[in-house]
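Trainee: Enclosed is the structure file input.cif (mmCIF, N, CA and C atoms).
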```
data_work
#
loop_
_atom_site.label_atom_id
_atom_site.label_comp_id
_atom_site.auth_asym_id
_atom_site.auth_seq_id
_atom_site.Cartn_x
_atom_site.Cartn_y
_atom_site.Cartn_z
N GLY A 169 -23.44 53.82 -12.39
CA GLY A 169 -22.98 53.68 -11.00
C GLY A 169 -21.51 53.37 -10.95
N ALA A 170 -20.91 53.54 -9.75
CA ALA A 170 -19.48 53.29 -9.60
C ALA A 170 -19.24 51.89 -9.04
N GLY A 171 -20.11 50.93 -9.42
CA GLY A 171 -19.94 49.56 -8.95
C GLY A 171 -18.65 48.96 -9.47
N LYS A 172 -18.05 48.14 -8.67
CA LYS A 172 -16.78 47.53 -9.08
C LYS A 172 -17.00 46.62 -10.28
N GLN A 173 -16.03 46.58 -11.18
CA GLN A 173 -16.08 45.68 -12.32
C GLN A 173 -15.69 44.30 -11.83
N ASN A 174 -16.65 43.57 -11.29
CA ASN A 174 -16.32 42.28 -10.69
C ASN A 174 -16.87 41.14 -11.53
N LYS A 175 -16.84 41.33 -12.84
CA LYS A 175 -17.37 40.27 -13.70
C LYS A 175 -16.34 39.19 -13.91
N GLY A 176 -15.07 39.48 -13.65
CA GLY A 176 -14.04 38.50 -13.93
C GLY A 176 -13.86 38.40 -15.44
N LEU A 177 -13.02 37.49 -15.85
CA LEU A 177 -12.78 37.30 -17.27
C LEU A 177 -13.82 36.33 -17.80
N ARG A 178 -14.74 36.83 -18.62
CA ARG A 178 -15.77 35.93 -19.15
C ARG A 178 -15.31 35.39 -20.50
N LEU A 179 -15.18 34.08 -20.56
CA LEU A 179 -14.73 33.46 -21.79
C LEU A 179 -15.90 32.70 -22.41
N LEU A 180 -16.17 32.96 -23.67
CA LEU A 180 -17.26 32.29 -24.39
C LEU A 180 -18.61 32.53 -23.73
N GLY A 181 -18.66 33.42 -22.74
CA GLY A 181 -19.93 33.72 -22.10
C GLY A 181 -20.38 32.66 -21.10
N ILE A 182 -19.77 31.45 -21.14
CA ILE A 182 -20.24 30.41 -20.22
C ILE A 182 -19.28 30.21 -19.06
N LEU A 183 -18.00 30.38 -19.32
CA LEU A 183 -17.03 30.13 -18.25
C LEU A 183 -16.67 31.44 -17.58
N ASP A 184 -17.18 31.66 -16.39
CA ASP A 184 -16.78 32.84 -15.63
C ASP A 184 -15.53 32.40 -14.87
N VAL A 185 -14.38 32.73 -15.45
CA VAL A 185 -13.13 32.08 -15.05
C VAL A 185 -12.82 32.21 -13.57
N GLN A 186 -13.07 33.39 -12.99
CA GLN A 186 -12.65 33.57 -11.60
C GLN A 186 -13.58 32.87 -10.63
N ASN A 187 -14.84 32.71 -11.00
CA ASN A 187 -15.82 32.14 -10.07
C ASN A 187 -16.15 30.70 -10.37
N THR A 188 -15.78 30.22 -11.56
CA THR A 188 -16.14 28.86 -11.93
C THR A 188 -15.01 27.94 -11.56
N PRO A 189 -15.27 26.96 -10.70
CA PRO A 189 -14.21 26.00 -10.42
C PRO A 189 -13.86 25.28 -11.70
N CYS A 190 -12.63 24.95 -11.90
CA CYS A 190 -12.16 24.18 -13.05
C CYS A 190 -11.90 25.04 -14.29
N ALA A 191 -12.45 26.24 -14.36
CA ALA A 191 -12.32 27.00 -15.60
C ALA A 191 -10.86 27.33 -15.91
N ARG A 192 -10.12 27.75 -14.87
CA ARG A 192 -8.73 28.14 -15.11
C ARG A 192 -7.92 26.96 -15.62
N GLU A 193 -8.03 25.81 -14.95
CA GLU A 193 -7.29 24.63 -15.37
C GLU A 193 -7.70 24.23 -16.77
N ALA A 194 -9.01 24.28 -17.02
CA ALA A 194 -9.51 23.88 -18.33
C ALA A 194 -8.90 24.75 -19.42
N ILE A 195 -8.82 26.06 -19.16
CA ILE A 195 -8.28 26.97 -20.17
C ILE A 195 -6.79 26.72 -20.38
N LEU A 196 -6.07 26.46 -19.28
CA LEU A 196 -4.65 26.15 -19.42
C LEU A 196 -4.46 24.88 -20.24
N HIS A 197 -5.25 23.85 -19.92
CA HIS A 197 -5.17 22.61 -20.70
C HIS A 197 -5.54 22.88 -22.15
N GLY A 198 -6.59 23.69 -22.34
CA GLY A 198 -7.04 23.99 -23.69
C GLY A 198 -5.97 24.71 -24.49
N ALA A 199 -5.27 25.64 -23.83
CA ALA A 199 -4.20 26.37 -24.53
C ALA A 199 -3.12 25.38 -24.96
N GLY A 200 -2.75 24.48 -24.05
CA GLY A 200 -1.74 23.48 -24.40
C GLY A 200 -2.23 22.59 -25.53
N GLY A 201 -3.48 22.17 -25.42
CA GLY A 201 -4.04 21.30 -26.45
C GLY A 201 -4.10 21.99 -27.80
N SER A 202 -4.43 23.27 -27.82
CA SER A 202 -4.54 23.98 -29.08
C SER A 202 -3.17 24.13 -29.73
N VAL A 203 -2.16 24.44 -28.92
CA VAL A 203 -0.81 24.58 -29.46
C VAL A 203 -0.35 23.25 -30.04
N ALA A 204 -0.58 22.18 -29.28
CA ALA A 204 -0.17 20.86 -29.74
C ALA A 204 -0.88 20.49 -31.03
N ALA A 205 -2.21 20.68 -31.05
CA ALA A 205 -2.99 20.30 -32.23
C ALA A 205 -2.56 21.11 -33.45
N GLY A 206 -2.45 22.43 -33.27
CA GLY A 206 -2.07 23.28 -34.39
C GLY A 206 -0.67 22.97 -34.90
N LEU A 207 0.24 22.75 -33.96
CA LEU A 207 1.64 22.49 -34.33
C LEU A 207 1.74 21.17 -35.09
N LEU A 208 1.10 20.13 -34.56
CA LEU A 208 1.15 18.82 -35.22
C LEU A 208 0.55 18.91 -36.62
N TYR A 209 -0.59 19.61 -36.73
CA TYR A 209 -1.24 19.73 -38.03
C TYR A 209 -0.33 20.49 -38.99
N PHE A 210 0.31 21.55 -38.49
CA PHE A 210 1.20 22.35 -39.34
C PHE A 210 2.37 21.51 -39.80
N LEU A 211 2.97 20.74 -38.90
CA LEU A 211 4.10 19.91 -39.27
C LEU A 211 3.69 18.86 -40.30
N ALA A 212 2.45 18.38 -40.18
CA ALA A 212 1.98 17.33 -41.09
C ALA A 212 1.63 17.89 -42.46
N THR A 213 1.10 19.13 -42.51
CA THR A 213 0.56 19.63 -43.78
C THR A 213 1.22 20.92 -44.26
N SER A 214 1.87 21.65 -43.38
CA SER A 214 2.49 22.95 -43.72
C SER A 214 1.47 23.98 -44.18
N ARG A 215 0.20 23.79 -43.78
CA ARG A 215 -0.83 24.78 -44.14
C ARG A 215 -1.12 25.64 -42.92
N VAL A 216 -0.73 26.92 -43.01
CA VAL A 216 -0.78 27.80 -41.85
C VAL A 216 -2.22 28.09 -41.42
N LYS A 217 -3.04 28.60 -42.37
CA LYS A 217 -4.39 29.01 -42.01
C LYS A 217 -5.16 27.85 -41.39
N ARG A 218 -5.10 26.68 -42.03
CA ARG A 218 -5.82 25.51 -41.55
C ARG A 218 -5.29 25.11 -40.16
N SER A 219 -3.99 25.28 -39.94
CA SER A 219 -3.42 24.92 -38.66
C SER A 219 -4.02 25.75 -37.53
N PHE A 220 -4.31 27.03 -37.83
CA PHE A 220 -4.94 27.88 -36.81
C PHE A 220 -6.35 27.37 -36.49
N ASP A 221 -7.07 26.97 -37.55
CA ASP A 221 -8.41 26.42 -37.34
C ASP A 221 -8.33 25.16 -36.47
N VAL A 222 -7.42 24.29 -36.82
CA VAL A 222 -7.26 23.04 -36.07
C VAL A 222 -6.86 23.37 -34.63
N GLY A 223 -5.96 24.34 -34.48
CA GLY A 223 -5.53 24.74 -33.15
C GLY A 223 -6.69 25.25 -32.32
N PHE A 224 -7.55 26.06 -32.95
CA PHE A 224 -8.70 26.61 -32.23
C PHE A 224 -9.67 25.49 -31.85
N ALA A 225 -9.91 24.58 -32.80
CA ALA A 225 -10.78 23.44 -32.51
C ALA A 225 -10.18 22.63 -31.36
N GLY A 226 -8.87 22.45 -31.40
CA GLY A 226 -8.19 21.72 -30.33
C GLY A 226 -8.37 22.42 -29.00
N PHE A 227 -8.30 23.75 -29.02
CA PHE A 227 -8.49 24.52 -27.79
C PHE A 227 -9.89 24.29 -27.24
N MET A 228 -10.89 24.40 -28.11
CA MET A 228 -12.28 24.23 -27.67
C MET A 228 -12.50 22.84 -27.09
N VAL A 229 -12.06 21.83 -27.83
CA VAL A 229 -12.29 20.44 -27.41
C VAL A 229 -11.57 20.16 -26.10
N THR A 230 -10.29 20.55 -26.04
CA THR A 230 -9.52 20.27 -24.83
C THR A 230 -10.08 21.03 -23.64
N THR A 231 -10.45 22.30 -23.84
CA THR A 231 -10.97 23.11 -22.74
C THR A 231 -12.27 22.50 -22.21
N LEU A 232 -13.20 22.22 -23.11
CA LEU A 232 -14.49 21.68 -22.68
C LEU A 232 -14.31 20.30 -22.05
N GLY A 233 -13.49 19.47 -22.68
CA GLY A 233 -13.27 18.13 -22.15
C GLY A 233 -12.67 18.19 -20.76
N SER A 234 -11.65 19.03 -20.61
CA SER A 234 -10.97 19.16 -19.32
C SER A 234 -11.92 19.73 -18.28
N TRP A 235 -12.77 20.69 -18.71
CA TRP A 235 -13.70 21.33 -17.78
C TRP A 235 -14.72 20.31 -17.28
N PHE A 236 -15.29 19.53 -18.21
CA PHE A 236 -16.28 18.53 -17.81
C PHE A 236 -15.65 17.50 -16.89
N TYR A 237 -14.45 17.05 -17.25
CA TYR A 237 -13.76 16.04 -16.45
C TYR A 237 -13.55 16.56 -15.03
N CYS A 238 -13.09 17.80 -14.94
CA CYS A 238 -12.83 18.42 -13.64
C CYS A 238 -14.12 18.56 -12.85
N ARG A 239 -15.20 18.97 -13.51
CA ARG A 239 -16.48 19.12 -12.81
C ARG A 239 -16.97 17.77 -12.28
N MET A 240 -16.81 16.72 -13.08
CA MET A 240 -17.22 15.39 -12.65
C MET A 240 -16.43 14.98 -11.41
N ASN A 241 -15.12 15.22 -11.45
CA ASN A 241 -14.28 14.87 -10.30
C ASN A 241 -14.71 15.65 -9.06
N ASN A 242 -14.98 16.94 -9.23
CA ASN A 242 -15.40 17.76 -8.09
C ASN A 242 -16.70 17.24 -7.50
N ALA A 243 -17.64 16.88 -8.37
CA ALA A 243 -18.92 16.36 -7.89
C ALA A 243 -18.69 15.07 -7.10
N LYS A 244 -17.79 14.20 -7.63
CA LYS A 244 -17.50 12.95 -6.95
C LYS A 244 -16.90 13.23 -5.58
N LEU A 245 -15.96 14.19 -5.52
CA LEU A 245 -15.33 14.53 -4.25
C LEU A 245 -16.35 15.06 -3.26
N ARG A 246 -17.26 15.91 -3.76
CA ARG A 246 -18.27 16.47 -2.87
C ARG A 246 -19.13 15.36 -2.26
N VAL A 247 -19.50 14.38 -3.09
CA VAL A 247 -20.32 13.28 -2.60
C VAL A 247 -19.55 12.50 -1.54
N GLN A 248 -18.26 12.22 -1.82
CA GLN A 248 -17.45 11.48 -0.85
C GLN A 248 -17.35 12.26 0.45
N GLN A 249 -17.11 13.57 0.36
CA GLN A 249 -17.00 14.38 1.57
C GLN A 249 -18.30 14.34 2.36
N ARG A 250 -19.43 14.41 1.64
CA ARG A 250 -20.72 14.39 2.31
C ARG A 250 -20.89 13.05 3.04
N LEU A 251 -20.53 11.96 2.36
CA LEU A 251 -20.66 10.63 2.98
C LEU A 251 -19.79 10.56 4.23
N ILE A 252 -18.57 11.07 4.12
CA ILE A 252 -17.66 11.03 5.28
C ILE A 252 -18.25 11.84 6.43
N GLN A 253 -18.76 13.04 6.11
CA GLN A 253 -19.34 13.89 7.15
C GLN A 253 -20.53 13.20 7.79
N GLU A 254 -21.38 12.57 6.97
CA GLU A 254 -22.53 11.84 7.52
C GLU A 254 -22.03 10.75 8.44
N GLY A 255 -21.00 10.02 8.00
CA GLY A 255 -20.45 8.94 8.80
C GLY A 255 -19.96 9.45 10.14
N ILE A 256 -19.23 10.58 10.12
CA ILE A 256 -18.71 11.15 11.36
C ILE A 256 -19.87 11.56 12.26
N LYS A 257 -20.89 12.20 11.65
CA LYS A 257 -22.04 12.65 12.44
C LYS A 257 -22.70 11.44 13.12
N ASN A 258 -22.90 10.37 12.32
CA ASN A 258 -23.54 9.18 12.88
C ASN A 258 -22.69 8.58 13.99
N LYS A 259 -21.39 8.58 13.81
CA LYS A 259 -20.52 7.99 14.83
C LYS A 259 -20.65 8.80 16.12
N VAL A 260 -20.69 10.12 15.99
CA VAL A 260 -20.82 10.97 17.17
C VAL A 260 -22.16 10.70 17.85
N VAL A 261 -23.22 10.54 17.04
CA VAL A 261 -24.55 10.29 17.61
C VAL A 261 -24.57 8.98 18.35
N TYR A 262 -23.97 7.94 17.75
CA TYR A 262 -24.06 6.60 18.34
C TYR A 262 -23.02 6.34 19.42
N GLU A 263 -22.00 7.20 19.51
CA GLU A 263 -20.90 6.92 20.43
C GLU A 263 -21.41 6.79 21.85
N GLY A 264 -20.99 5.76 22.55
CA GLY A 264 -21.37 5.58 23.94
C GLY A 264 -22.77 5.04 24.12
N THR A 265 -23.48 4.75 23.04
CA THR A 265 -24.81 4.16 23.17
C THR A 265 -24.72 2.69 22.79
N VAL A 266 -25.84 2.01 22.94
CA VAL A 266 -25.87 0.59 22.59
C VAL A 266 -25.60 0.42 21.09
N MET A 267 -25.94 1.47 20.30
CA MET A 267 -25.80 1.37 18.85
C MET A 267 -24.34 1.48 18.41
N ASP A 268 -23.44 1.88 19.35
CA ASP A 268 -22.05 2.11 18.97
C ASP A 268 -21.44 0.80 18.48
N PRO A 269 -21.02 0.77 17.21
CA PRO A 269 -20.49 -0.48 16.66
C PRO A 269 -19.21 -0.93 17.38
N THR A 270 -18.44 0.01 17.92
CA THR A 270 -17.19 -0.38 18.58
C THR A 270 -17.47 -1.07 19.89
N LYS A 271 -18.70 -0.92 20.45
CA LYS A 271 -19.01 -1.53 21.74
C LYS A 271 -19.70 -2.87 21.57
N LYS A 272 -19.93 -3.27 20.31
CA LYS A 272 -20.76 -4.46 20.08
C LYS A 272 -20.31 -5.61 20.96
N GLY A 273 -19.43 -6.42 20.82
CA GLY A 273 -19.12 -7.59 21.64
C GLY A 273 -19.33 -7.41 23.13
N LYS A 274 -19.10 -6.20 23.66
CA LYS A 274 -19.18 -6.01 25.12
C LYS A 274 -20.64 -5.82 25.57
N ALA A 275 -21.43 -5.11 24.79
CA ALA A 275 -22.82 -4.83 25.20
C ALA A 275 -23.62 -6.11 25.24
N GLU A 276 -23.40 -6.98 24.27
CA GLU A 276 -24.12 -8.24 24.28
C GLU A 276 -23.42 -9.21 25.24
N ALA A 277 -24.01 -10.38 25.42
CA ALA A 277 -23.40 -11.37 26.30
C ALA A 277 -22.00 -11.69 25.82
N PRO A 278 -21.01 -11.48 26.69
CA PRO A 278 -19.62 -11.72 26.27
C PRO A 278 -19.40 -13.19 25.97
N SER A 279 -18.96 -13.46 24.76
CA SER A 279 -18.70 -14.85 24.38
C SER A 279 -17.24 -15.15 24.68
N GLY A 280 -17.01 -15.99 25.64
CA GLY A 280 -15.64 -16.32 26.02
C GLY A 280 -14.98 -17.14 24.94
N PRO A 281 -13.65 -17.23 24.98
CA PRO A 281 -12.95 -18.04 23.96
C PRO A 281 -13.36 -19.49 24.06
N SER A 282 -13.85 -20.07 22.96
CA SER A 282 -14.34 -21.45 23.01
C SER A 282 -13.20 -22.41 22.68
#
```
Show how you would write the structure in this file as C-alpha cells.
Mentor:
Amino acid sequence: GAGKQNKGLRLLGILDVQNTPCAREAILHGAGGSVAAGLLYFLATSRVKRSFDVGFAGFMVTTLGSWFYCRMNNAKLRVQQRLIQEGIKNKVVYEGTVMDPTKKGKAEAPSGPS
C-alpha cells in the first residue's frame, strides 16, 4: 500500500522518538553523556576501542536514566494538573452555595469583634 511512512525514528525498538514524550531530550542527554564518558575514559586510558564501548554504555545509561526521570516528572505534573482541575471544578460547583469556603464567616452567625 501507499501508506505514509509514519513510524518516526525508532530507536532500540522501544523509544518511538517522535511520539514518545521525553525520548528526544533523553537521546540528546544520552549523546552528551556518551561523548563525556568516552572522552574521559580515553583521556584516562588512551584505549580507543574500549573508549567507544564506555561511550556507548554511557549513552545507554544516560538516555534511559534521563528518559525515566523525564517520565516521572511528566507523571507528577499530570497528577498536579488533575488536582488543580478538580479543585477548580469543585470551586465552580460550590461557588455561591453554602458550601463555598469564601462565604464561610458570612453564612454562619456573624461573630462581631470581641
Trainee: Show me, as a VMD selection string, the residues that have an atom within 6.5 Å of region 220-233 of chain A when counting only N, CA and C atoms, minus same-chain residues fewer than 5 positions from it.
Mentor: chain A and resid 194 to 195 197 to 199 201 to 203 205 to 207 215 238
Trainee: Keeping only N, CA and C atoms, take the residues you just selected and write them out as a CSV table (one decimal), keeping the file's coordinate frame.
Mentor:
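The new file out.csv reads:
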```csv
chain,number,residue,atom,x,y,z
A,194,ALA,N,-9.0,24.3,-17.0
A,194,ALA,CA,-9.5,23.9,-18.3
A,194,ALA,C,-8.9,24.8,-19.4
A,195,ILE,N,-8.8,26.1,-19.2
A,195,ILE,CA,-8.3,27.0,-20.2
A,195,ILE,C,-6.8,26.7,-20.4
A,197,HIS,N,-5.2,23.8,-19.9
A,197,HIS,CA,-5.2,22.6,-20.7
A,197,HIS,C,-5.5,22.9,-22.2
A,198,GLY,N,-6.6,23.7,-22.3
A,198,GLY,CA,-7.0,24.0,-23.7
A,198,GLY,C,-6.0,24.7,-24.5
A,199,ALA,N,-5.3,25.6,-23.8
A,199,ALA,CA,-4.2,26.4,-24.5
A,199,ALA,C,-3.1,25.4,-25.0
A,201,GLY,N,-3.5,22.2,-25.4
A,201,GLY,CA,-4.0,21.3,-26.4
A,201,GLY,C,-4.1,22.0,-27.8
A,202,SER,N,-4.4,23.3,-27.8
A,202,SER,CA,-4.5,24.0,-29.1
A,202,SER,C,-3.2,24.1,-29.7
A,203,VAL,N,-2.2,24.4,-28.9
A,203,VAL,CA,-0.8,24.6,-29.5
A,203,VAL,C,-0.4,23.2,-30.0
A,205,ALA,N,-2.2,20.7,-31.0
A,205,ALA,CA,-3.0,20.3,-32.2
A,205,ALA,C,-2.6,21.1,-33.4
A,206,GLY,N,-2.4,22.4,-33.3
A,206,GLY,CA,-2.1,23.3,-34.4
A,206,GLY,C,-0.7,23.0,-34.9
A,207,LEU,N,0.2,22.8,-34.0
A,207,LEU,CA,1.6,22.5,-34.3
A,207,LEU,C,1.7,21.2,-35.1
A,215,ARG,N,0.2,23.8,-43.8
A,215,ARG,CA,-0.8,24.8,-44.1
A,215,ARG,C,-1.1,25.6,-42.9
A,238,CYS,N,-13.1,17.8,-14.9
A,238,CYS,CA,-12.8,18.4,-13.6
A,238,CYS,C,-14.1,18.6,-12.8
```
Trainee: Since I can't run it myself right now, could you work out what the PyMOL selection byres ((chain A and resi 190) around 7) selects here and report it as a PyMOL selection string?
Mentor: chain A and resi 187-189+191-195+234-235+238-239
Trainee: What does the distance between atom C of Ala204 (chain A) and CA of Lys217 (chain A) come to in Å, to one decimal place?
Mentor: 14.3 Å
Trainee: To one decimal in Å, tell me the separation between CA of Asn241 (chain A) and CA of Ile256 (chain A).
Mentor: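 That distance, rounded to one decimal, is 22.4 Å.
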Trainee: Figure out the distance between atom C of Gly200 (chain A) and atom N of Ser219 (chain A), please, to one decimal in Å.
Mentor: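 It comes out at 14.8 Å.
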Trainee: Assuming 4 Å of padding per side, give the centre and edge lengths of the axis-aligned box around every listed atom of region 211-226 of chain A, in Å to one decimal and as JSON.
Mentor:
```
{"center_x": -3.3, "center_y": 23.2, "center_z": -36.6, "size_x": 22.9, "size_y": 19.7, "size_z": 23.3}
```
